[in-house]
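*Asks:* My structure file start-v5.pdb, PDB, C-alpha atoms, is below:
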ATOM      1  CA  MET A   1      15.266  -4.760  18.342
ATOM      2  CA  MET A   2      12.087  -3.912  16.429
ATOM      3  CA  THR A   3      12.438  -3.903  12.642
ATOM      4  CA  GLU A   4      11.710  -0.484  11.178
ATOM      5  CA  ALA A   5       8.442  -0.048   9.288
ATOM      6  CA  GLU A   6       8.770   0.108   5.506
ATOM      7  CA  HIS A   7       7.058   1.479   2.399
ATOM      8  CA  THR A   8       6.223  -0.853  -0.489
ATOM      9  CA  ILE A   9       4.740  -0.255  -3.935
ATOM     10  CA  ILE A  10       3.279  -2.625  -6.525
ATOM     11  CA  VAL A  11       2.897  -1.316 -10.082
ATOM     12  CA  GLY A  12       1.454  -2.954 -13.177
ATOM     13  CA  VAL A  13      -1.283  -2.936 -15.793
ATOM     14  CA  THR A  14      -4.923  -3.671 -14.997
ATOM     15  CA  GLY A  15      -5.492  -7.372 -14.471
ATOM     16  CA  GLY A  16      -1.796  -8.098 -14.107
ATOM     17  CA  GLY A  17      -1.972  -9.529 -10.591
ATOM     18  CA  LYS A  18      -1.334  -6.542  -8.305
ATOM     19  CA  THR A  19      -4.124  -7.440  -5.916
ATOM     20  CA  THR A  20      -3.133 -11.119  -5.862
ATOM     21  CA  LEU A  21       0.420 -10.127  -4.950
ATOM     22  CA  ALA A  22      -0.753  -7.665  -2.290
ATOM     23  CA  GLU A  23      -2.933 -10.342  -0.714
ATOM     24  CA  GLY A  24      -0.007 -12.762  -0.723
ATOM     25  CA  LEU A  25       2.373 -10.271   0.856
ATOM     26  CA  THR A  26      -0.040  -9.492   3.674
ATOM     27  CA  LYS A  27      -1.761 -12.817   4.277
ATOM     28  CA  HIS A  28      -0.114 -13.218   7.680
ATOM     29  CA  CYS A  29      -0.574  -9.610   8.823
ATOM     30  CA  ARG A  30      -2.234  -9.384  12.223
ATOM     31  CA  ARG A  31      -3.048  -5.665  12.032
ATOM     32  CA  ILE A  32      -3.980  -4.359   8.608
ATOM     33  CA  ILE A  33      -6.319  -1.780   7.103
ATOM     34  CA  VAL A  34      -7.086  -1.959   3.373
ATOM     35  CA  LEU A  35      -8.540   0.886   1.320
ATOM     36  CA  THR A  36      -9.889  -0.122  -2.076
ATOM     37  CA  THR A  37     -12.432   0.846  -4.710
ATOM     38  CA  LYS A  38     -12.953  -2.747  -5.805
ATOM     39  CA  PRO A  39     -16.179  -4.648  -4.986
ATOM     40  CA  LYS A  40     -16.190  -7.530  -2.529
ATOM     41  CA  ALA A  41     -16.332 -10.154  -5.262
ATOM     42  CA  LYS A  42     -12.928  -9.032  -6.574
ATOM     43  CA  CYS A  43     -10.516  -8.995  -3.646
ATOM     44  CA  PHE A  44      -9.725  -8.844   0.073
ATOM     45  CA  THR A  45     -12.501 -11.128   1.263
ATOM     46  CA  LYS A  46     -11.229 -14.076   3.305
ATOM     47  CA  GLY A  47     -10.450 -13.082   6.867
ATOM     48  CA  TYR A  48     -11.362  -9.407   6.446
ATOM     49  CA  HIS A  49     -14.042  -7.429   8.232
ATOM     50  CA  GLU A  50     -16.038  -5.349   5.738
ATOM     51  CA  ALA A  51     -16.536  -1.610   6.270
ATOM     52  CA  ARG A  52     -18.465   0.897   4.158
ATOM     53  CA  LYS A  53     -18.196   3.965   6.390
ATOM     54  CA  SER A  54     -15.595   5.521   8.669
ATOM     55  CA  VAL A  55     -17.771   4.754  11.693
ATOM     56  CA  ASP A  56     -17.594   1.035  10.826
ATOM     57  CA  VAL A  57     -13.805   1.230  10.766
ATOM     58  CA  LEU A  58     -13.653   3.125  14.053
ATOM     59  CA  LYS A  59     -15.960   0.744  15.931
ATOM     60  CA  TYR A  60     -14.213  -2.391  14.697
ATOM     61  CA  ILE A  61     -10.703  -1.174  15.443
ATOM     62  CA  LYS A  62     -11.642   0.092  18.898
ATOM     63  CA  ARG A  63     -13.241  -3.246  19.673
ATOM     64  CA  ASN A  64     -10.240  -5.253  18.475
ATOM     65  CA  TRP A  65      -7.279  -2.951  19.171
ATOM     66  CA  ASN A  66      -5.982  -5.031  22.066
ATOM     67  CA  SER A  67      -7.085  -8.392  20.686
ATOM     68  CA  LYS A  68      -4.329 -10.995  20.478
ATOM     69  CA  LYS A  69      -5.622 -11.922  17.025
ATOM     70  CA  GLY A  70      -5.373  -8.330  15.884
ATOM     71  CA  PHE A  71      -7.670  -7.021  13.169
ATOM     72  CA  ARG A  72      -7.964  -7.220   9.400
ATOM     73  CA  ILE A  73     -10.370  -4.730   7.911
ATOM     74  CA  VAL A  74     -11.166  -3.608   4.371
ATOM     75  CA  TRP A  75     -12.913  -0.313   3.672
ATOM     76  CA  ARG A  76     -14.447  -0.244   0.195
ATOM     77  CA  VAL A  77     -14.806   3.399  -0.788
ATOM     78  CA  PHE A  78     -17.122   3.765  -3.778
ATOM     79  CA  SER A  79     -17.956   6.901  -5.749
ATOM     80  CA  GLU A  80     -19.294   7.937  -9.133
ATOM     81  CA  PRO A  81     -16.909   7.690 -12.115
ATOM     82  CA  GLY A  82     -14.600  10.677 -12.326
ATOM     83  CA  ASP A  83     -15.222  11.728  -8.715
ATOM     84  CA  ASN A  84     -12.601  10.562  -6.209
ATOM     85  CA  ASN A  85     -13.397  13.027  -3.441
ATOM     86  CA  LYS A  86     -14.636  10.244  -1.149
ATOM     87  CA  GLN A  87     -11.401   8.295  -1.622
ATOM     88  CA  ILE A  88      -9.280  11.364  -0.878
ATOM     89  CA  LYS A  89     -11.195  12.061   2.333
ATOM     90  CA  ALA A  90     -11.126   8.412   3.413
ATOM     91  CA  LEU A  91      -7.325   8.157   3.184
ATOM     92  CA  ASP A  92      -6.885  11.470   4.970
ATOM     93  CA  TRP A  93      -9.213  10.295   7.767
ATOM     94  CA  ILE A  94      -7.387   6.980   8.163
ATOM     95  CA  CYS A  95      -3.965   8.620   8.346
ATOM     96  CA  ARG A  96      -5.090  11.196  10.900
ATOM     97  CA  ASN A  97      -6.464   8.415  13.080
ATOM     98  CA  LEU A  98      -3.332   6.310  12.643
ATOM     99  CA  TRP A  99      -1.410   9.210  14.127
ATOM    100  CA  LYS A 100      -3.573   8.841  17.265
ATOM    101  CA  TRP A 101      -3.894   5.057  17.293
ATOM    102  CA  GLN A 102      -0.149   4.477  16.950
ATOM    103  CA  GLN A 103       0.920   7.100  19.482
ATOM    104  CA  GLY A 104       1.963   4.364  21.875
ATOM    105  CA  TYR A 105       4.457   3.072  19.303
ATOM    106  CA  ALA A 106       5.866   6.559  18.765
ATOM    107  CA  ASP A 107       6.263   6.925  22.541
ATOM    108  CA  GLU A 108       7.988   3.508  22.705
ATOM    109  CA  LYS A 109       5.248   2.119  24.948
ATOM    110  CA  ASP A 110       3.802  -0.283  22.380
ATOM    111  CA  ASN A 111       5.856  -2.235  19.825
ATOM    112  CA  ARG A 112       2.948  -3.285  17.569
ATOM    113  CA  GLN A 113       3.200  -2.096  13.989
ATOM    114  CA  ILE A 114       0.348  -1.778  11.518
ATOM    115  CA  VAL A 115      -0.046  -2.071   7.732
ATOM    116  CA  LEU A 116      -2.026   0.382   5.617
ATOM    117  CA  ASN A 117      -2.678  -1.093   2.174
ATOM    118  CA  VAL A 118      -3.992   1.448  -0.373
ATOM    119  CA  ASP A 119      -5.183  -0.103  -3.616
ATOM    120  CA  GLU A 120      -4.891   2.166  -6.703
ATOM    121  CA  VAL A 121      -3.339   4.877  -4.575
ATOM    122  CA  GLN A 122      -3.555   7.544  -7.295
ATOM    123  CA  ARG A 123      -7.322   7.672  -6.677
ATOM    124  CA  PHE A 124      -6.861   8.242  -2.950
ATOM    125  CA  PHE A 125      -3.894  10.609  -3.189
ATOM    126  CA  PRO A 126      -3.643  12.510  -6.488
ATOM    127  CA  HIS A 127      -0.843  15.025  -7.024
ATOM    128  CA  SER A 128      -3.093  17.956  -6.182
ATOM    129  CA  GLU A 129      -3.546  16.811  -2.578
ATOM    130  CA  ALA A 130       0.111  16.887  -1.538
ATOM    131  CA  GLN A 131       0.118  20.643  -0.935
ATOM    132  CA  LYS A 132      -3.246  20.764   0.859
ATOM    133  CA  GLY A 133      -2.270  19.273   4.180
ATOM    134  CA  HIS A 134      -3.440  15.767   3.307
ATOM    135  CA  ALA A 135      -2.423  13.444   6.150
ATOM    136  CA  PHE A 136      -1.004  10.805   3.792
ATOM    137  CA  THR A 137       1.919  13.198   3.324
ATOM    138  CA  TRP A 138       2.670  12.781   7.026
ATOM    139  CA  ALA A 139       2.240   8.999   6.846
ATOM    140  CA  VAL A 140       4.804   8.803   4.049
ATOM    141  CA  SER A 141       7.395  11.101   5.586
ATOM    142  CA  GLU A 142       7.022  10.262   9.297
ATOM    143  CA  GLY A 143       4.772   7.219   9.556
ATOM    144  CA  ARG A 144       7.662   4.799  10.033
ATOM    145  CA  ASP A 145       8.274   6.343  13.456
ATOM    146  CA  TRP A 146       4.677   5.466  14.320
ATOM    147  CA  GLY A 147       5.144   1.861  13.170
ATOM    148  CA  ILE A 148       3.093   2.357  10.011
ATOM    149  CA  ASN A 149       3.978   0.138   7.043
ATOM    150  CA  LEU A 150       2.568   1.491   3.775
ATOM    151  CA  LEU A 151       1.720  -0.843   0.898
ATOM    152  CA  VAL A 152       0.278   0.812  -2.212
ATOM    153  CA  GLY A 153      -0.677  -0.451  -5.641
ATOM    154  CA  THR A 154      -1.173   1.438  -8.896
ATOM    155  CA  GLN A 155      -1.510   0.927 -12.615
ATOM    156  CA  ARG A 156      -0.286   4.490 -13.150
ATOM    157  CA  PRO A 157       3.129   4.906 -11.549
ATOM    158  CA  VAL A 158       3.673   8.118 -13.513
ATOM    159  CA  ASN A 159       0.880   9.654 -11.437
ATOM    160  CA  ILE A 160       2.344   8.677  -8.072
ATOM    161  CA  HIS A 161       3.503  11.745  -6.190
ATOM    162  CA  PRO A 162       7.308  12.036  -5.758
ATOM    163  CA  ILE A 163       6.928  12.234  -1.974
ATOM    164  CA  PHE A 164       6.019   8.541  -2.002
ATOM    165  CA  ARG A 165       8.301   7.421  -4.832
ATOM    166  CA  ASP A 166      11.263   8.911  -2.962
ATOM    167  CA  ASN A 167      10.489   6.937   0.213
ATOM    168  CA  ILE A 168      10.058   3.425  -1.190
ATOM    169  CA  THR A 169      11.999   0.469   0.205
ATOM    170  CA  ASN A 170      10.342  -2.389  -1.702
ATOM    171  CA  PHE A 171       9.338  -2.066  -5.366
ATOM    172  CA  TYR A 172       7.375  -4.772  -7.177
ATOM    173  CA  SER A 173       6.980  -4.225 -10.914
ATOM    174  CA  LEU A 174       4.498  -6.371 -12.798
ATOM    175  CA  ARG A 175       3.897  -6.198 -16.549
ATOM    176  CA  LEU A 176       3.917  -2.579 -17.716
ATOM    177  CA  SER A 177       2.573  -0.665 -20.712
ATOM    178  CA  GLY A 178       3.626   2.600 -22.339
ATOM    179  CA  ASP A 179       7.017   4.221 -22.848
ATOM    180  CA  ALA A 180       6.450   6.847 -20.144
ATOM    181  CA  THR A 181       5.588   4.151 -17.604
ATOM    182  CA  PHE A 182       8.642   2.041 -18.429
ATOM    183  CA  LYS A 183      10.855   5.115 -18.172
ATOM    184  CA  LYS A 184       9.450   6.219 -14.815
ATOM    185  CA  VAL A 185       9.618   2.757 -13.239
ATOM    186  CA  ASN A 186      13.154   2.239 -14.515
ATOM    187  CA  GLU A 187      14.144   5.533 -12.890
ATOM    188  CA  ASN A 188      12.536   4.459  -9.622
ATOM    189  CA  VAL A 189      14.487   1.181  -9.474
ATOM    190  CA  GLY A 190      17.898   2.624 -10.234
ATOM    191  CA  GLY A 191      17.908   3.317 -13.969
ATOM    192  CA  ASP A 192      19.620   0.148 -15.191
ATOM    193  CA  HIS A 193      16.767  -2.341 -15.509
ATOM    194  CA  MET A 194      14.846  -1.471 -18.676
ATOM    195  CA  ALA A 195      15.472  -4.842 -20.351
ATOM    196  CA  ARG A 196      14.430  -6.719 -17.206
ATOM    197  CA  LEU A 197      11.251  -4.653 -16.890
ATOM    198  CA  LYS A 198      10.277  -5.281 -20.513
ATOM    199  CA  ALA A 199      10.824  -9.022 -20.089
ATOM    200  CA  ILE A 200       8.286  -9.410 -17.268
ATOM    201  CA  LYS A 201       5.571 -11.889 -18.232
ATOM    202  CA  GLN A 202       1.869 -11.757 -17.404
ATOM    203  CA  PHE A 203       1.197 -12.562 -13.718
ATOM    204  CA  HIS A 204       4.888 -12.229 -12.859
ATOM    205  CA  TYR A 205       6.881  -9.478 -11.180
ATOM    206  CA  ALA A 206      10.407  -8.211 -10.668
ATOM    207  CA  TYR A 207      11.212  -7.331  -7.062
ATOM    208  CA  PHE A 208      13.638  -4.548  -6.148
ATOM    209  CA  ARG A 209      14.751  -3.511  -2.677
ATOM    210  CA  ASP A 210      16.489  -0.174  -2.177
ATOM    211  CA  LYS A 211      16.846  -0.055  -6.007
ATOM    212  CA  ALA A 212      18.707  -3.372  -6.114
ATOM    213  CA  TYR A 213      17.199  -6.245  -8.094
ATOM    214  CA  ILE A 214      16.311  -9.214  -5.882
ATOM    215  CA  ALA A 215      14.152 -11.720  -7.768
ATOM    216  CA  THR A 216      11.531 -12.452 -10.426
ATOM    217  CA  ASN A 217       8.585 -14.679  -9.611
ATOM    218  CA  ASN A 218       4.896 -15.450 -10.108
ATOM    219  CA  THR A 219       2.434 -13.112  -8.366
ATOM    220  CA  ARG A 220       1.104 -16.076  -6.391
ATOM    221  CA  LYS A 221       4.581 -16.628  -4.937
ATOM    222  CA  PRO A 222       5.558 -13.356  -3.273
ATOM    223  CA  THR A 223       9.227 -12.723  -2.588
ATOM    224  CA  ILE A 224       9.763 -10.599   0.512
ATOM    225  CA  ASN A 225      12.790  -9.382   2.395
ATOM    226  CA  ARG A 226      10.819  -9.613   5.614
ATOM    227  CA  ALA A 227       7.226 -10.426   6.469
ATOM    228  CA  PHE A 228       4.776  -7.650   7.159
ATOM    229  CA  PRO A 229       3.941  -7.564  10.888
TER     230      PRO A 229
END
Take the structure in this file and express it as structure tokens.
*Replies:*
Amino acid sequence: MMTEAEHTIIVGVTGGGKTTLAEGLTKHCRRIIVLTTKPKAKCFTKGYHEARKSVDVLKYIKRNWNSKKGFRIVWRVFSEPGDNNKQIKALDWICRNLWKWQQGYADEKDNRQIVLNVDEVQRFFPHSEAQKGHAFTWAVSEGRDWGINLLVGTQRPVNIHPIFRDNITNFYSLRLSGDATFKKVNENVGGDHMARLKAIKQFHYAYFRDKAYIATNNTRKPTINRAFP
């Protein structure tokens, strides 16, 4: 029986190891799309095809959709400071296409799942977009039935829309900063872990699954309940 797709979040301060952990969690993924605002020198380089435009993504995925090796692609979406319109549109475009690409899974004709990794998700899906028909809303609420695993990272968990926070299976908390952040993360992992959250060291994380504490480890040694497909 196919394991159900899951939603995962990684939260922590800038430079705390979120990207390192995300890369570790997905290093064996055969079908993964990464959205990030970080330059190539910073992350998601080895084994990834680089894309700068939606047409690059479309061509590469079409060419490799049925490949036994799968595909690993990173789309770096850059924009001027303070303007995240390009990021918002990029995530919406990806999710709308995932609905089409993964139709075979939804129809139980294809058992291949896919991972969508959104780095600093608050830039791609701010609160204001949830009521505007943004397709990420669909990916969060129904994407599991299409075999879509969501992995998002953020340094601002307070700004993550409740529609995602309420659908998380795996929660990785790195070092945090600010009373509001500690309070929100503690609420998200069950409400009884404030001391554990405050004890997290630099480049370490506490892992929670379904609001139950599982383990604490270094970001270079990811603890997972199951491997991403």
*Asks:* When the PyMOL selection byres ((chain A and resi 150) around 7) is applied to the file above, which residues end up in the set, as a list in words?
*Replies:*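 Applying the expression gives Glu6, His7, Thr8, Val115, Leu116, Asn117, Ile148, Asn149, Leu151 and Val152 of chain A.
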*Asks:* Any chance you could resolve the PyMOL selection byres ((chain A and resi 202) around 10) against this file and give the residues as a PDB file with C-alpha atoms, keeping the file's coordinate frame?
*Replies:*
ATOM      1  CA  GLY A  12       1.454  -2.954 -13.177  1.00  0.00           C
ATOM      2  CA  VAL A  13      -1.283  -2.936 -15.793  1.00  0.00           C
ATOM      3  CA  GLY A  15      -5.492  -7.372 -14.471  1.00  0.00           C
ATOM      4  CA  GLY A  16      -1.796  -8.098 -14.107  1.00  0.00           C
ATOM      5  CA  GLY A  17      -1.972  -9.529 -10.591  1.00  0.00           C
ATOM      6  CA  LEU A 174       4.498  -6.371 -12.798  1.00  0.00           C
ATOM      7  CA  ARG A 175       3.897  -6.198 -16.549  1.00  0.00           C
ATOM      8  CA  LEU A 176       3.917  -2.579 -17.716  1.00  0.00           C
ATOM      9  CA  ALA A 199      10.824  -9.022 -20.089  1.00  0.00           C
ATOM     10  CA  ILE A 200       8.286  -9.410 -17.268  1.00  0.00           C
ATOM     11  CA  LYS A 201       5.571 -11.889 -18.232  1.00  0.00           C
ATOM     12  CA  PHE A 203       1.197 -12.562 -13.718  1.00  0.00           C
ATOM     13  CA  HIS A 204       4.888 -12.229 -12.859  1.00  0.00           C
ATOM     14  CA  TYR A 205       6.881  -9.478 -11.180  1.00  0.00           C
ATOM     15  CA  ASN A 218       4.896 -15.450 -10.108  1.00  0.00           C
ATOM     16  CA  THR A 219       2.434 -13.112  -8.366  1.00  0.00           C
TER      17      THR A 219
END
*Asks:* Using all atoms listed in the file, which of A:Ile33, A:Val189, A:Ile73, A:Leu197 sits nearest Phe171 of chain A?
*Replies:*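 Closest candidate: A:Val189.
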*Asks:* One decimal, Å: what's the distance from atom CA of Arg30 of chain A over to atom CA of Tyr60 of chain A, could you say?
*Replies:*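 Between these atoms lies a distance of 14.1 Å.
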*Asks:* May I have the residues within 7 Å of Pro229 of chain A as an mmCIF file with C-alpha atoms, keeping the file's coordinate frame, using only C-alpha atoms and disregarding those fewer than 3 positions away in the same chain?
*Replies:*
data_model
loop_
_atom_site.group_PDB
_atom_site.id
_atom_site.type_symbol
_atom_site.label_atom_id
_atom_site.label_comp_id
_atom_site.auth_asym_id
_atom_site.auth_seq_id
_atom_site.Cartn_x
_atom_site.Cartn_y
_atom_site.Cartn_z
ATOM 1 C CA CYS A 29 -0.574 -9.610 8.823
ATOM 2 C CA ARG A 30 -2.234 -9.384 12.223
ATOM 3 C CA GLN A 113 3.200 -2.096 13.989
ATOM 4 C CA ILE A 114 0.348 -1.778 11.518
#
*Asks:* In Å, how far is it from atom CA of Ala139 of chain A to atom CA of Thr20 of chain A?
*Replies:*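 That distance, rounded to one decimal, is 24.4 Å.
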*Asks:* What lies within 12 Å of Asp166 of chain A using all atoms listed in the file, ignoring chain neighbours under 5 positions off, as a list of chain:residue names?
*Replies:*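 These residues fall inside the cut-off: A:His7, A:Thr8, A:Ile9, A:Val140, A:Ser141, A:Ile160, A:His161, A:Phe171, A:Glu187, A:Asn188, A:Val189, A:Gly190, A:Asp210, A:Lys211.
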*Asks:* Could you put an axis-aligned box around every listed atom of segment 82-95 of chain A, padded by 8 Å on each side, and send me its centre and edge lengths in Å to one decimal, as JSON?
*Replies:*
{"center_x": -9.6, "center_y": 10.0, "center_z": -2.0, "size_x": 27.3, "size_y": 22.0, "size_z": 36.7}
*Asks:* Which residue out of A:Arg72, A:Arg112, A:Lys86, A:Lys183 has the minimum interatomic distance to Glu50 of chain A when only C-alpha atoms are used?
*Replies:*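 Among the listed residues, A:Arg72 lies closest to Glu50 of chain A.
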*Asks:* Any chance you could work out the residue set of the PyMOL selection byres ((chain A and resi 100-105) around 10) here, as a ChimeraX atom specification?
*Replies:* /A:61-62,65,94-99,106-114,143-148
*Asks:* Would you compute the distance between atom CA of Phe124 of chain A and atom CA of Asp179 of chain A? Give it in Å to one decimal.
*Replies:*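 According to the coordinates, atom CA of Phe124 of chain A and atom CA of Asp179 of chain A are separated by 24.6 Å.
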*Asks:* Using all atoms listed in the file, which of A:Ser128, A:Thr37, A:Ser54, A:Thr154 sits nearest Phe78 of chain A?
*Replies:* A:Thr37
